[in-house]
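*Asks:* mmCIF, C-alpha atoms, saved as data-v7.cif, coming up:
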```cif
data_run
#
loop_
_atom_site.label_atom_id
_atom_site.label_comp_id
_atom_site.auth_asym_id
_atom_site.auth_seq_id
_atom_site.Cartn_x
_atom_site.Cartn_y
_atom_site.Cartn_z
CA MET C 12 28.04 -4.48 0.55
CA HIS C 13 31.38 -4.47 2.45
CA GLY C 14 34.27 -5.55 4.26
CA CYS C 15 36.39 -8.47 5.35
CA VAL C 16 35.39 -11.86 4.08
CA ALA C 17 37.11 -15.22 4.05
CA GLU C 18 37.35 -16.77 0.59
CA ASP C 19 35.02 -19.65 1.39
CA GLN C 20 32.52 -17.19 2.85
CA ALA C 21 32.68 -15.13 -0.34
CA SER C 22 31.81 -18.23 -2.35
CA GLN C 23 28.91 -18.89 0.00
CA LEU C 24 27.59 -15.35 -0.40
CA LEU C 25 27.93 -15.50 -4.18
CA HIS C 26 25.43 -18.37 -4.27
CA GLY C 27 22.66 -15.83 -3.94
CA ILE C 28 24.21 -12.77 -5.57
CA GLU C 29 22.18 -13.13 -8.75
CA ALA C 30 18.94 -14.13 -7.08
CA SER C 31 19.04 -11.24 -4.64
CA ARG C 32 20.17 -8.77 -7.35
CA ASP C 33 23.13 -7.76 -5.22
CA VAL C 34 26.51 -6.18 -5.62
CA ILE C 35 28.98 -7.62 -3.12
CA ALA C 36 32.21 -5.97 -2.03
CA VAL C 37 35.16 -7.92 -0.69
CA ALA C 38 38.18 -6.63 1.21
CA SER C 39 40.72 -9.21 0.07
CA HIS C 40 43.47 -8.14 2.46
CA CYS C 41 41.55 -9.21 5.56
CA SER C 42 42.54 -12.17 7.70
CA ARG C 43 39.23 -12.65 9.49
CA PRO C 44 35.65 -12.69 8.23
CA GLU C 45 33.17 -10.04 9.21
CA LYS C 46 29.63 -9.22 8.22
CA GLU C 47 29.19 -8.15 4.62
CA HIS C 48 27.00 -5.26 3.49
CA LEU C 49 24.94 -5.60 0.35
CA PRO C 50 22.30 -3.56 -1.49
CA PRO C 51 19.43 -4.22 -2.05
CA GLY C 52 19.38 -7.66 -0.40
CA ASN C 53 16.59 -9.91 0.83
CA ALA C 54 15.63 -11.92 3.90
CA GLY C 55 18.04 -14.71 3.04
CA ILE C 56 21.19 -12.75 2.32
CA ALA C 57 20.46 -10.72 5.46
CA GLN C 58 21.44 -13.83 7.46
CA GLU C 59 24.96 -13.60 5.98
CA ALA C 60 25.29 -9.86 5.44
CA GLU C 61 24.11 -6.54 6.72
CA ILE C 62 21.79 -4.87 4.23
CA VAL C 63 22.51 -1.23 3.46
CA GLY C 64 20.24 1.36 1.87
CA LEU C 65 22.35 1.97 -1.21
CA ASP C 66 21.05 2.34 -4.75
CA VAL C 67 23.41 0.38 -7.03
CA ALA C 68 22.27 2.56 -9.95
CA ASP C 69 23.86 5.55 -8.16
CA HIS C 70 27.48 4.91 -9.09
CA ALA C 71 28.79 7.90 -7.16
CA ALA C 72 27.15 6.63 -3.99
CA VAL C 73 28.56 3.12 -4.52
CA ILE C 74 32.05 4.56 -5.04
CA ALA C 75 31.79 6.77 -1.95
CA PHE C 76 30.65 3.79 0.13
CA CYS C 77 33.52 1.61 -1.12
CA GLN C 78 36.05 4.33 -0.41
CA ALA C 79 34.69 4.90 3.08
CA GLN C 80 34.75 1.15 3.85
CA LYS C 81 38.18 0.61 2.21
CA ILE C 82 36.81 -1.98 -0.19
CA ASP C 83 39.37 -3.85 -2.30
CA LEU C 84 37.14 -5.79 -4.68
CA VAL C 85 33.58 -5.33 -5.87
CA VAL C 86 31.75 -8.25 -7.51
CA VAL C 87 28.78 -7.14 -9.62
CA GLY C 88 25.91 -9.60 -9.93
CA PRO C 89 23.09 -8.14 -12.05
CA GLU C 90 23.30 -7.24 -15.72
CA GLY C 91 21.82 -3.76 -15.32
CA PRO C 92 24.74 -2.18 -13.44
CA LEU C 93 27.22 -3.95 -15.73
CA CYS C 94 25.62 -2.55 -18.88
CA ALA C 95 25.40 0.87 -17.21
CA GLY C 96 29.19 0.90 -16.73
CA ILE C 97 29.54 0.48 -12.98
CA VAL C 98 32.78 -1.49 -13.44
CA ASP C 99 34.29 1.33 -15.50
CA ASP C 100 33.37 3.89 -12.85
CA LEU C 101 34.69 1.80 -9.97
CA GLU C 102 37.98 1.13 -11.75
CA ALA C 103 38.34 4.82 -12.63
CA ALA C 104 38.04 5.57 -8.91
CA GLY C 105 40.81 3.09 -8.10
CA ILE C 106 38.51 0.34 -6.82
CA LYS C 107 39.01 -3.16 -8.23
CA ALA C 108 35.84 -4.61 -9.75
CA PHE C 109 35.01 -8.04 -11.12
CA GLY C 110 32.85 -7.94 -14.21
CA PRO C 111 32.98 -6.68 -17.78
CA SER C 112 33.24 -3.05 -18.80
CA LYS C 113 30.25 -1.28 -20.30
CA ALA C 114 31.63 -1.87 -23.80
CA ALA C 115 32.23 -5.58 -23.14
CA ALA C 116 28.85 -6.04 -21.43
CA ARG C 117 27.21 -5.33 -24.78
CA LEU C 118 27.48 -9.08 -25.31
CA GLU C 119 24.44 -9.27 -23.05
CA GLY C 120 23.10 -5.76 -23.38
CA SER C 121 22.49 -5.96 -27.14
CA LYS C 122 21.49 -9.18 -28.84
CA GLY C 123 22.01 -7.53 -32.20
CA PHE C 124 25.58 -6.62 -31.29
CA THR C 125 26.33 -10.21 -30.35
CA LYS C 126 24.72 -11.64 -33.49
CA ASP C 127 26.78 -9.29 -35.64
CA LEU C 128 29.95 -10.27 -33.77
CA CYS C 129 29.16 -13.94 -34.36
CA GLU C 130 28.59 -13.38 -38.06
CA ALA C 131 31.82 -11.41 -38.44
CA ASN C 132 33.89 -14.05 -36.63
CA ALA C 133 32.33 -17.29 -37.93
CA ILE C 134 30.94 -18.19 -34.50
CA PRO C 135 28.14 -20.74 -34.97
CA THR C 136 24.72 -19.27 -34.19
CA ALA C 137 21.20 -19.10 -35.60
CA ALA C 138 20.51 -17.19 -38.81
CA TYR C 139 18.98 -13.79 -38.02
CA GLU C 140 17.94 -10.30 -39.07
CA ARG C 141 17.76 -7.05 -37.07
CA PHE C 142 14.81 -4.64 -37.26
CA THR C 143 14.01 -1.17 -35.94
CA ALA C 144 10.39 -1.14 -37.12
CA ALA C 145 7.51 -3.60 -36.95
CA ALA C 146 6.48 -3.72 -40.62
CA PRO C 147 9.72 -5.15 -42.10
CA ALA C 148 10.05 -7.53 -39.15
CA ASN C 149 6.52 -8.79 -39.79
CA ASP C 150 7.30 -9.24 -43.49
CA TYR C 151 10.41 -11.24 -42.60
CA VAL C 152 8.44 -13.53 -40.28
CA ARG C 153 5.79 -14.17 -42.93
CA ALA C 154 8.51 -15.07 -45.42
CA GLN C 155 10.37 -17.36 -43.01
CA GLY C 156 7.40 -19.07 -41.37
CA ALA C 157 7.25 -20.67 -37.94
CA PRO C 158 8.57 -21.80 -35.54
CA ILE C 159 10.72 -18.71 -35.23
CA VAL C 160 12.29 -16.72 -32.38
CA VAL C 161 11.64 -13.04 -31.62
CA LYS C 162 14.01 -11.24 -29.25
CA ALA C 163 14.06 -7.75 -27.84
CA ASP C 164 17.53 -6.35 -28.48
CA GLY C 165 18.06 -4.91 -24.99
CA LEU C 166 17.81 -6.05 -21.38
CA ALA C 167 14.36 -7.36 -20.47
CA ALA C 168 14.96 -9.31 -17.23
CA GLY C 169 14.82 -12.64 -19.02
CA LYS C 170 11.42 -11.91 -20.54
CA GLY C 171 12.42 -10.48 -23.92
CA VAL C 172 12.45 -13.74 -25.88
CA VAL C 173 9.42 -15.32 -27.54
CA VAL C 174 9.77 -18.75 -29.13
CA ALA C 175 6.82 -18.49 -31.51
CA THR C 176 5.24 -21.70 -32.73
CA THR C 177 2.99 -19.87 -35.20
CA VAL C 178 3.39 -16.85 -37.46
CA ASP C 179 0.57 -15.06 -35.63
CA GLU C 180 2.36 -15.55 -32.30
CA ALA C 181 5.55 -14.08 -33.75
CA LEU C 182 3.68 -11.09 -35.23
CA ALA C 183 2.03 -10.44 -31.87
CA ALA C 184 5.42 -10.53 -30.13
CA ILE C 185 6.91 -8.07 -32.60
CA ASP C 186 3.99 -5.69 -32.24
CA ALA C 187 4.15 -5.91 -28.44
CA MET C 188 7.87 -5.14 -28.37
CA PHE C 189 7.65 -2.19 -30.74
CA SER C 190 4.59 -0.86 -28.90
CA GLY C 191 6.75 -0.32 -25.80
CA GLU C 192 5.70 -3.29 -23.71
CA LEU C 193 9.35 -3.90 -22.77
CA GLY C 194 10.38 -0.25 -22.75
CA ALA C 195 13.68 0.68 -24.35
CA ALA C 196 14.67 -2.99 -24.57
CA GLY C 197 12.22 -3.45 -27.43
CA ALA C 198 13.30 -0.45 -29.52
CA GLU C 199 15.10 -2.92 -31.77
CA VAL C 200 14.14 -6.53 -32.41
CA VAL C 201 16.15 -9.53 -33.54
CA VAL C 202 14.28 -12.26 -35.39
CA GLU C 203 16.16 -15.50 -35.69
CA GLU C 204 16.02 -19.09 -36.83
CA PHE C 205 14.50 -21.67 -34.50
CA LEU C 206 17.25 -24.08 -33.51
CA VAL C 207 16.62 -27.77 -32.87
CA GLY C 208 18.52 -29.67 -30.21
CA GLU C 209 19.12 -29.66 -26.47
CA GLU C 210 19.87 -26.44 -24.60
CA ALA C 211 22.79 -26.14 -22.23
CA SER C 212 24.61 -23.37 -20.40
CA PHE C 213 28.39 -23.16 -20.42
CA PHE C 214 30.49 -20.84 -18.27
CA ALA C 215 34.01 -19.53 -18.74
CA LEU C 216 36.12 -17.17 -16.67
CA CYS C 217 37.83 -14.54 -18.83
CA ASP C 218 40.65 -12.08 -18.17
CA GLY C 219 40.62 -10.15 -21.46
CA THR C 220 42.90 -12.48 -23.40
CA THR C 221 42.63 -15.88 -21.71
CA ALA C 222 39.56 -17.92 -20.80
CA ILE C 223 39.27 -21.03 -18.65
CA PRO C 224 36.19 -23.26 -18.54
CA LEU C 225 34.14 -23.29 -15.36
CA ALA C 226 31.26 -25.76 -15.45
CA SER C 227 28.08 -26.45 -17.37
CA ALA C 228 24.44 -26.32 -16.37
CA GLN C 229 21.03 -26.77 -17.85
CA ASP C 230 18.18 -24.48 -16.91
CA HIS C 231 14.44 -24.53 -17.50
CA LYS C 232 13.19 -21.22 -18.89
CA ARG C 233 9.54 -22.07 -19.47
CA ALA C 234 7.12 -21.46 -16.62
CA PHE C 235 5.36 -24.81 -16.54
CA ASP C 236 6.09 -28.54 -16.54
CA GLY C 237 7.07 -30.12 -19.81
CA ASP C 238 8.82 -26.90 -20.87
CA ARG C 239 5.50 -25.26 -21.65
CA GLY C 240 4.24 -21.74 -21.04
CA PRO C 241 5.95 -18.37 -21.29
CA ASN C 242 9.69 -17.82 -20.98
CA THR C 243 10.89 -16.68 -17.56
CA GLY C 244 14.15 -15.70 -15.94
CA GLY C 245 14.55 -19.38 -15.05
CA MET C 246 12.44 -21.88 -13.09
CA GLY C 247 15.25 -24.23 -12.10
CA ALA C 248 18.63 -25.58 -13.11
CA TYR C 249 21.13 -28.35 -12.51
CA SER C 250 24.87 -28.82 -12.97
CA PRO C 251 26.65 -30.43 -14.71
CA ALA C 252 24.68 -30.77 -17.94
CA PRO C 253 25.19 -34.38 -19.14
CA ILE C 254 25.18 -33.33 -22.79
CA MET C 255 28.25 -31.18 -22.17
CA THR C 256 30.85 -33.93 -22.43
CA GLU C 257 34.55 -33.15 -22.27
CA ALA C 258 34.71 -33.18 -26.06
CA MET C 259 31.67 -30.90 -26.43
CA SER C 260 33.05 -28.49 -23.84
CA ALA C 261 36.32 -28.31 -25.77
CA ARG C 262 34.40 -27.48 -28.94
CA VAL C 263 32.55 -24.69 -27.18
CA MET C 264 35.81 -23.20 -25.96
CA ASP C 265 37.45 -23.48 -29.40
CA GLU C 266 34.51 -22.49 -31.62
CA ILE C 267 32.56 -20.02 -29.47
CA VAL C 268 34.25 -18.70 -26.32
CA MET C 269 37.80 -18.05 -27.52
CA PRO C 270 36.78 -16.48 -30.85
CA THR C 271 34.54 -14.14 -28.83
CA VAL C 272 37.35 -13.24 -26.41
CA ARG C 273 39.70 -12.54 -29.32
CA ALA C 274 37.09 -10.46 -31.16
CA MET C 275 36.31 -8.33 -28.12
CA ALA C 276 40.01 -7.69 -27.48
CA ALA C 277 40.51 -6.75 -31.14
CA MET C 278 37.77 -4.12 -30.96
CA GLY C 279 39.29 -2.56 -27.85
CA ALA C 280 36.73 -3.96 -25.41
CA PRO C 281 38.53 -6.87 -23.71
CA TYR C 282 36.11 -9.10 -21.85
CA LYS C 283 36.89 -9.67 -18.16
CA GLY C 284 34.47 -11.58 -15.97
CA VAL C 285 32.18 -14.55 -16.37
CA LEU C 286 31.04 -15.31 -19.89
CA TYR C 287 27.85 -17.38 -19.83
CA ALA C 288 27.07 -18.98 -23.18
CA GLY C 289 23.52 -20.17 -23.71
CA LEU C 290 23.88 -22.99 -26.22
CA MET C 291 21.84 -25.26 -28.45
CA ILE C 292 23.52 -28.61 -28.95
CA GLY C 293 22.30 -30.03 -32.24
CA ALA C 294 23.31 -32.72 -34.70
CA ASP C 295 26.14 -30.58 -36.08
CA GLY C 296 27.47 -29.44 -32.70
CA PRO C 297 27.07 -26.36 -30.49
CA LYS C 298 25.52 -23.09 -31.58
CA LEU C 299 25.34 -19.90 -29.52
CA ILE C 300 21.84 -18.76 -28.57
CA GLU C 301 22.93 -15.77 -26.51
CA TYR C 302 25.48 -14.54 -24.00
CA ASN C 303 25.04 -13.37 -20.44
CA ALA C 304 27.75 -11.23 -18.88
CA ARG C 305 27.38 -12.76 -15.41
CA PHE C 306 26.90 -16.01 -13.49
CA GLY C 307 23.15 -16.07 -14.10
CA ASP C 308 20.20 -16.99 -11.93
CA PRO C 309 19.46 -19.81 -11.10
CA GLU C 310 22.68 -21.13 -12.66
CA CYS C 311 24.89 -19.28 -10.17
CA GLN C 312 23.43 -21.25 -7.30
CA VAL C 313 24.18 -24.69 -8.74
CA LEU C 314 27.65 -23.70 -9.93
CA MET C 315 28.71 -22.33 -6.56
CA LEU C 316 27.43 -25.39 -4.72
CA ARG C 317 29.84 -27.49 -6.80
CA LEU C 318 32.87 -25.18 -6.63
CA MET C 319 35.66 -26.70 -4.52
CA SER C 320 38.32 -24.02 -5.08
CA ASP C 321 38.44 -20.69 -3.28
CA LEU C 322 36.53 -18.13 -5.27
CA VAL C 323 38.24 -14.82 -4.50
CA PRO C 324 41.63 -15.69 -6.05
CA ALA C 325 39.85 -16.69 -9.26
CA LEU C 326 37.93 -13.43 -9.41
CA LEU C 327 41.09 -11.41 -8.80
CA ALA C 328 43.01 -13.39 -11.42
CA ALA C 329 40.32 -12.64 -13.99
CA ARG C 330 40.35 -8.96 -13.15
CA ASP C 331 44.16 -8.79 -13.16
CA GLY C 332 44.69 -10.72 -16.42
CA MET C 333 46.36 -13.66 -14.66
CA LEU C 334 44.25 -16.68 -15.68
CA ARG C 335 46.82 -18.28 -17.99
CA SER C 336 48.19 -20.57 -15.27
CA PHE C 337 45.04 -20.72 -13.15
CA ALA C 338 42.86 -23.79 -12.53
CA LEU C 339 39.70 -24.50 -10.55
CA ARG C 340 38.50 -27.70 -8.91
CA TRP C 341 34.90 -28.92 -8.73
CA TYR C 342 33.03 -31.37 -6.56
CA PRO C 343 31.75 -34.34 -8.58
CA GLU C 344 28.25 -34.18 -7.08
CA VAL C 345 25.24 -32.94 -9.02
CA ALA C 346 23.61 -29.72 -7.85
CA LEU C 347 19.96 -28.98 -8.65
CA THR C 348 17.76 -26.01 -7.79
CA VAL C 349 14.00 -25.54 -7.97
CA VAL C 350 12.70 -21.98 -8.23
CA MET C 351 9.55 -21.21 -6.24
CA ALA C 352 7.74 -18.27 -7.81
CA ALA C 353 4.72 -16.15 -6.91
CA ASN C 354 1.43 -17.19 -8.48
CA GLY C 355 1.01 -15.34 -11.77
CA TYR C 356 4.71 -15.06 -12.56
CA PRO C 357 6.04 -14.12 -15.11
CA GLY C 358 2.94 -11.93 -15.41
CA SER C 359 1.43 -9.89 -12.59
CA TYR C 360 1.76 -11.37 -9.13
CA GLU C 361 0.91 -10.54 -5.53
CA LYS C 362 3.49 -9.46 -2.99
CA GLY C 363 3.34 -9.86 0.77
CA THR C 364 2.15 -13.47 1.01
CA VAL C 365 3.54 -15.42 3.98
CA ILE C 366 6.08 -18.23 3.57
CA GLU C 367 6.50 -20.83 6.30
CA GLY C 368 8.36 -24.11 6.79
CA LEU C 369 11.76 -22.92 5.59
CA ALA C 370 13.67 -24.32 8.56
CA GLU C 371 12.11 -27.77 8.10
CA ALA C 372 12.90 -27.65 4.39
CA ALA C 373 16.52 -26.67 4.96
CA ALA C 374 16.94 -29.64 7.31
CA VAL C 375 16.53 -32.13 4.45
CA GLU C 376 19.84 -33.85 3.69
CA GLY C 377 21.92 -32.04 1.09
CA VAL C 378 19.55 -29.06 0.85
CA GLU C 379 20.37 -25.37 0.93
CA ILE C 380 17.79 -22.64 0.35
CA PHE C 381 18.61 -19.28 -1.20
CA HIS C 382 16.24 -16.35 -1.17
CA ALA C 383 15.44 -14.12 -4.14
CA GLY C 384 12.34 -11.95 -3.85
CA THR C 385 11.76 -12.10 -0.09
CA LYS C 386 11.70 -9.73 2.85
CA ALA C 387 11.57 -10.18 6.60
CA GLU C 388 8.80 -8.38 8.45
CA ALA C 389 7.60 -8.80 12.04
CA GLY C 390 9.39 -12.12 12.37
CA ARG C 391 7.86 -13.55 9.19
CA ILE C 392 9.24 -14.20 5.71
CA LEU C 393 7.14 -12.56 3.00
CA ALA C 394 7.21 -12.90 -0.78
CA ASN C 395 8.50 -9.70 -2.36
CA GLY C 396 9.05 -10.54 -6.02
CA GLY C 397 8.32 -12.86 -8.91
CA ARG C 398 10.94 -15.53 -8.35
CA VAL C 399 11.07 -15.88 -4.59
CA LEU C 400 13.08 -18.91 -3.45
CA ASN C 401 15.76 -21.25 -4.82
CA VAL C 402 15.51 -24.67 -3.18
CA CYS C 403 18.85 -26.35 -3.91
CA ALA C 404 20.21 -29.83 -3.27
CA LEU C 405 23.35 -31.87 -3.86
CA GLY C 406 23.37 -35.57 -4.70
CA HIS C 407 25.48 -38.24 -6.36
CA SER C 408 23.05 -38.23 -9.30
CA VAL C 409 20.49 -35.88 -10.80
CA ALA C 410 17.72 -38.15 -9.55
CA VAL C 411 18.98 -37.98 -5.95
CA ALA C 412 19.48 -34.20 -6.05
CA GLN C 413 16.03 -33.80 -7.60
CA ALA C 414 14.37 -35.99 -4.95
CA ARG C 415 16.02 -34.05 -2.13
CA ALA C 416 15.07 -30.68 -3.59
CA TYR C 417 11.43 -31.63 -3.99
CA ALA C 418 11.32 -33.20 -0.53
CA ALA C 419 12.33 -29.78 0.77
CA VAL C 420 9.83 -27.97 -1.47
CA ASP C 421 7.06 -30.12 -0.02
CA LYS C 422 7.88 -28.89 3.48
CA ILE C 423 7.46 -25.23 2.51
CA ARG C 424 4.03 -23.82 3.22
CA TRP C 425 3.27 -21.02 0.80
CA ALA C 426 -0.21 -20.73 -0.66
CA GLY C 427 0.86 -17.81 -2.83
CA GLY C 428 3.51 -19.66 -4.79
CA PHE C 429 4.16 -22.40 -7.32
CA CYS C 430 7.04 -24.30 -8.89
CA ARG C 431 7.71 -26.72 -11.69
CA ARG C 432 7.77 -30.35 -10.62
CA ASP C 433 10.06 -31.64 -13.36
CA ILE C 434 13.36 -29.77 -13.00
CA GLY C 435 16.13 -32.01 -14.34
CA TRP C 436 13.78 -34.32 -16.22
CA ARG C 437 16.02 -34.77 -19.26
CA ALA C 438 19.00 -35.78 -17.16
CA VAL C 439 16.92 -38.12 -14.99
CA GLU C 440 15.63 -39.88 -18.11
CA ARG C 441 19.20 -40.14 -19.42
CA GLU C 442 20.33 -41.66 -16.13
CA LYS C 443 17.50 -44.23 -16.26
CA SER C 444 18.41 -45.20 -19.81
CA MET C 445 22.00 -45.89 -18.74
CA THR C 446 21.07 -48.28 -15.92
#
```
Just dump the structure as structure tokens.
*Replies:*
Amino acid sequence: MHGCVAEDQASQLLHGIEASRDVIAVASHCSRPEKEHLPPGNAGIAQEAEIVGLDVADHAAVIAFCQAQKIDLVVVGPEGPLCAGIVDDLEAAGIKAFGPSKAAARLEGSKGFTKDLCEANAIPTAAYERFTAAAPANDYVRAQGAPIVVKADGLAAGKGVVVATTVDEALAAIDAMFSGELGAAGAEVVVEEFLVGEEASFFALCDGTTAIPLASAQDHKRAFDGDRGPNTGGMGAYSPAPIMTEAMSARVMDEIVMPTVRAMAAMGAPYKGVLYAGLMIGADGPKLIEYNARFGDPECQVLMLRLMSDLVPALLAARDGMLRSFALRWYPEVALTVVMAANGYPGSYEKGTVIEGLAEAAAVEGVEIFHAGTKAEAGRILANGGRVLNVCALGHSVAVAQARAYAAVDKIRWAGGFCRRDIGWRAVEREKSMT
């Protein structure tokens, strides 16, 4: 975390901010780029920044570091520090921070809070009920039938959602959550209607009163090809999402994003930062599945690859409430990323396996590789987490970006890992049908 950074370099670093679970600090007054310092980091971000031994959960230590390094702007990536109020503490210490306050971050930190906000403000979403005990939740599931969705109310690292195809599967998910499998995140459970349609992710930059659209993406949450297997933090993504036409994006802004911004301001918790709306696009239009209070992983990677404008002025404008006359430009190319994960993910997995061939993979045309759960040791790159690499590519179509990404994947030698082989399949099929 630190120091002087050119705006284009900041955008480059932000590619991996979510994947590496970092907080990045930017000194916006600088005229020349220097090394950045980030905690906790990984082997990839270490090529762009100097890793420092700083616990981002220790807000006092983060503040002291920023004061010592004369930091002007802190950009918070992960949801944990946001929901813990790190932005509030930084701002109270006179340090500018990009991201929502603790009160505003409840949009991600509590699914029940967000569902109630939607209901109170006529924001389209799935029908739902909230429960603090297993028995009434089980009764509700039996009455509603399956398919049905069971969600832990709190933060669960992308693993707190079960799309149950049978009643028994839903009952098992409820029992697991209330038994403490997800810790405090499962102390309350939201059970909601199963929505039919196509999922998409939509991003807006908010300054408390104004919001401007960023771009759309589509991610693949399930672990295995064909969108099968358990939910994960994300196995791949691409941008833009073809289903998010100009007209559909306008509806999302009018029916979902802006009503949320107005509601948060009215309750004294103005939302500043990136608002990531997970959507289901059905026959009657968009419905909100859930919000994230950040760029998201692996969505951040594909968005930043397509961003043409300088990033830092946009972040500052959001923090300073100056988005009303702001605009961003985007490259027309498609960006696609394939997540390579450790065998066993999202369950138990082995750390320390060796990864080779990264240089050859990065040499493929249009490819850029971002690290997530990696570490460098004795000149080797080792797996150090569940989701380990993001193999990204640009192309003039989804099919081209997909082909380049998988050509790079095939050059990576890692016996301890796996990936889906169908990232972007919906969009590729749509492209074929249009030719």
*Asks:* Output the residue selection produced by the PyMOL selection byres ((chain C and resi 308-311) around 9) on the file above, formatted as a PyMOL selection string.
*Replies:* chain C and resi 25-30+212+227-230+244-250+305-307+312-316+348-350+401
*Asks:* Rounded to one decimal in Å, what is the spacing between CA of Leu101 in chain C and CA of Asp218 in chain C?
*Replies:*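 Atom-to-atom, CA of Leu101 in chain C to CA of Asp218 in chain C, that is 17.2 Å.
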*Asks:* Determine the residue membership of the PyMOL selection byres ((chain C and resi 129) around 12) for the file above and supply it as a ChimeraX atom specification.
*Replies:* /C:118,122-128,130-139,266-275,298-302
*Asks:* Run the PyMOL selection byres ((chain C and resi 439) around 12) against the file shown and list the residues it catches, as a list in words.
*Replies:*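 Listing what the PyMOL selection byres ((chain C and resi 439) around 12) selects in the shown file: Tyr249, Ala252, Pro253, Val345, Leu347, Ser408, Val409, Ala410, Val411, Ala412, Gln413, Ala414, Asp433, Ile434, Gly435, Trp436, Arg437, Ala438, Glu440, Arg441, Glu442, Lys443, Ser444, Met445 and Thr446 of chain C.
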*Asks:* For Pro147 in chain C, work out the shell of residues within 12 Å, counting only C-alpha atoms and skipping chain neighbours fewer than 5 positions away, then give it as a PyMOL selection string.
*Replies:* chain C and resi 140-142+152-154+182+185-186+189+199-202
*Asks:* Work out how far apart CA of Ala104 in chain C and CA of Arg335 in chain C are and give it in Å to one decimal.
*Replies:* 27.0 Å
*Asks:* What is the distance, in Å and to one decimal place, between CA of Leu225 in chain C and CA of Leu166 in chain C?
*Replies:*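 Between CA of Leu225 in chain C and CA of Leu166 in chain C the gap works out to 24.5 Å.
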*Asks:* Could you tell me which of C:Cys77, C:Ala95, C:Ala276, C:Cys430 comes closest to Cys217 in chain C if we count all atoms listed in the file?
*Replies:*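 Of C:Cys77, C:Ala95, C:Ala276, C:Cys430, the one nearest Cys217 in chain C is C:Ala276, counting all atoms listed in the file.
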*Asks:* Could you check the closest approach to Phe76 in chain C for each of C:Tyr360, C:Ala144, C:Asp99, C:Ile106 and tell me which residue wins, using all atoms listed in the file?
*Replies:* C:Ile106
*Asks:* Let me make sure I understand: among C:Thr364, C:Gly191, C:Gly169, C:Ala416, which one has the smallest atom-to-atom distance to His231 in chain C if we use all atoms listed in the file?
*Replies:* C:Gly169
*Asks:* Which of these residues is nearest to Ala215 in chain C, using only C-alpha atoms: C:Asp164, C:Glu192, C:Tyr282, C:Ala184?
*Replies:*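 Answer, going by the shortest atom-to-atom distance: C:Tyr282.
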*Asks:* I'd like to know which of C:Ala115, C:Ala389, C:Met188, C:Leu322 is closest to Val86 in chain C, using all atoms listed in the file.
*Replies:* C:Leu322
*Asks:* From the list C:Ala68, C:Val87, C:Val98, C:Ala226, which residue is nearest Glu257 in chain C when using only C-alpha atoms?
*Replies:* C:Ala226
*Asks:* Since the input lacks some atoms of range 260-271 of chain C, please model N, CA and C atoms and print them as an mmCIF file, in the frame of the given file.
*Replies:*
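Final output, saved to rebuild_3.cif:
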```cif
data_model
loop_
_atom_site.group_PDB
_atom_site.id
_atom_site.type_symbol
_atom_site.label_atom_id
_atom_site.label_comp_id
_atom_site.auth_asym_id
_atom_site.auth_seq_id
_atom_site.Cartn_x
_atom_site.Cartn_y
_atom_site.Cartn_z
ATOM 1 N N SER C 260 32.558 -29.684 -24.530
ATOM 2 C CA SER C 260 33.050 -28.490 -23.840
ATOM 3 C C SER C 260 34.271 -27.915 -24.557
ATOM 4 N N ALA C 261 35.142 -28.781 -25.032
ATOM 5 C CA ALA C 261 36.320 -28.310 -25.770
ATOM 6 C C ALA C 261 35.909 -27.611 -27.058
ATOM 7 N N ARG C 262 34.886 -28.138 -27.734
ATOM 8 C CA ARG C 262 34.400 -27.480 -28.940
ATOM 9 C C ARG C 262 33.838 -26.098 -28.640
ATOM 10 N N VAL C 263 33.111 -25.992 -27.546
ATOM 11 C CA VAL C 263 32.550 -24.690 -27.180
ATOM 12 C C VAL C 263 33.657 -23.681 -26.912
ATOM 13 N N MET C 264 34.690 -24.108 -26.211
ATOM 14 C CA MET C 264 35.810 -23.200 -25.960
ATOM 15 C C MET C 264 36.480 -22.782 -27.271
ATOM 16 N N ASP C 265 36.713 -23.745 -28.162
ATOM 17 C CA ASP C 265 37.450 -23.480 -29.400
ATOM 18 C C ASP C 265 36.631 -22.725 -30.439
ATOM 19 N N GLU C 266 35.333 -23.028 -30.533
ATOM 20 C CA GLU C 266 34.510 -22.490 -31.620
ATOM 21 C C GLU C 266 33.699 -21.272 -31.223
ATOM 22 N N ILE C 267 33.463 -21.094 -29.913
ATOM 23 C CA ILE C 267 32.560 -20.020 -29.470
ATOM 24 C C ILE C 267 33.249 -19.071 -28.495
ATOM 25 N N VAL C 268 33.740 -19.579 -27.372
ATOM 26 C CA VAL C 268 34.250 -18.700 -26.320
ATOM 27 C C VAL C 268 35.517 -17.968 -26.754
ATOM 28 N N MET C 269 36.535 -18.707 -27.182
ATOM 29 C CA MET C 269 37.800 -18.050 -27.520
ATOM 30 C C MET C 269 37.700 -17.116 -28.715
ATOM 31 N N PRO C 270 36.959 -17.466 -29.783
ATOM 32 C CA PRO C 270 36.780 -16.480 -30.850
ATOM 33 C C PRO C 270 36.107 -15.197 -30.366
ATOM 34 N N THR C 271 35.194 -15.326 -29.396
ATOM 35 C CA THR C 271 34.540 -14.140 -28.830
ATOM 36 C C THR C 271 35.539 -13.305 -28.033
#
```
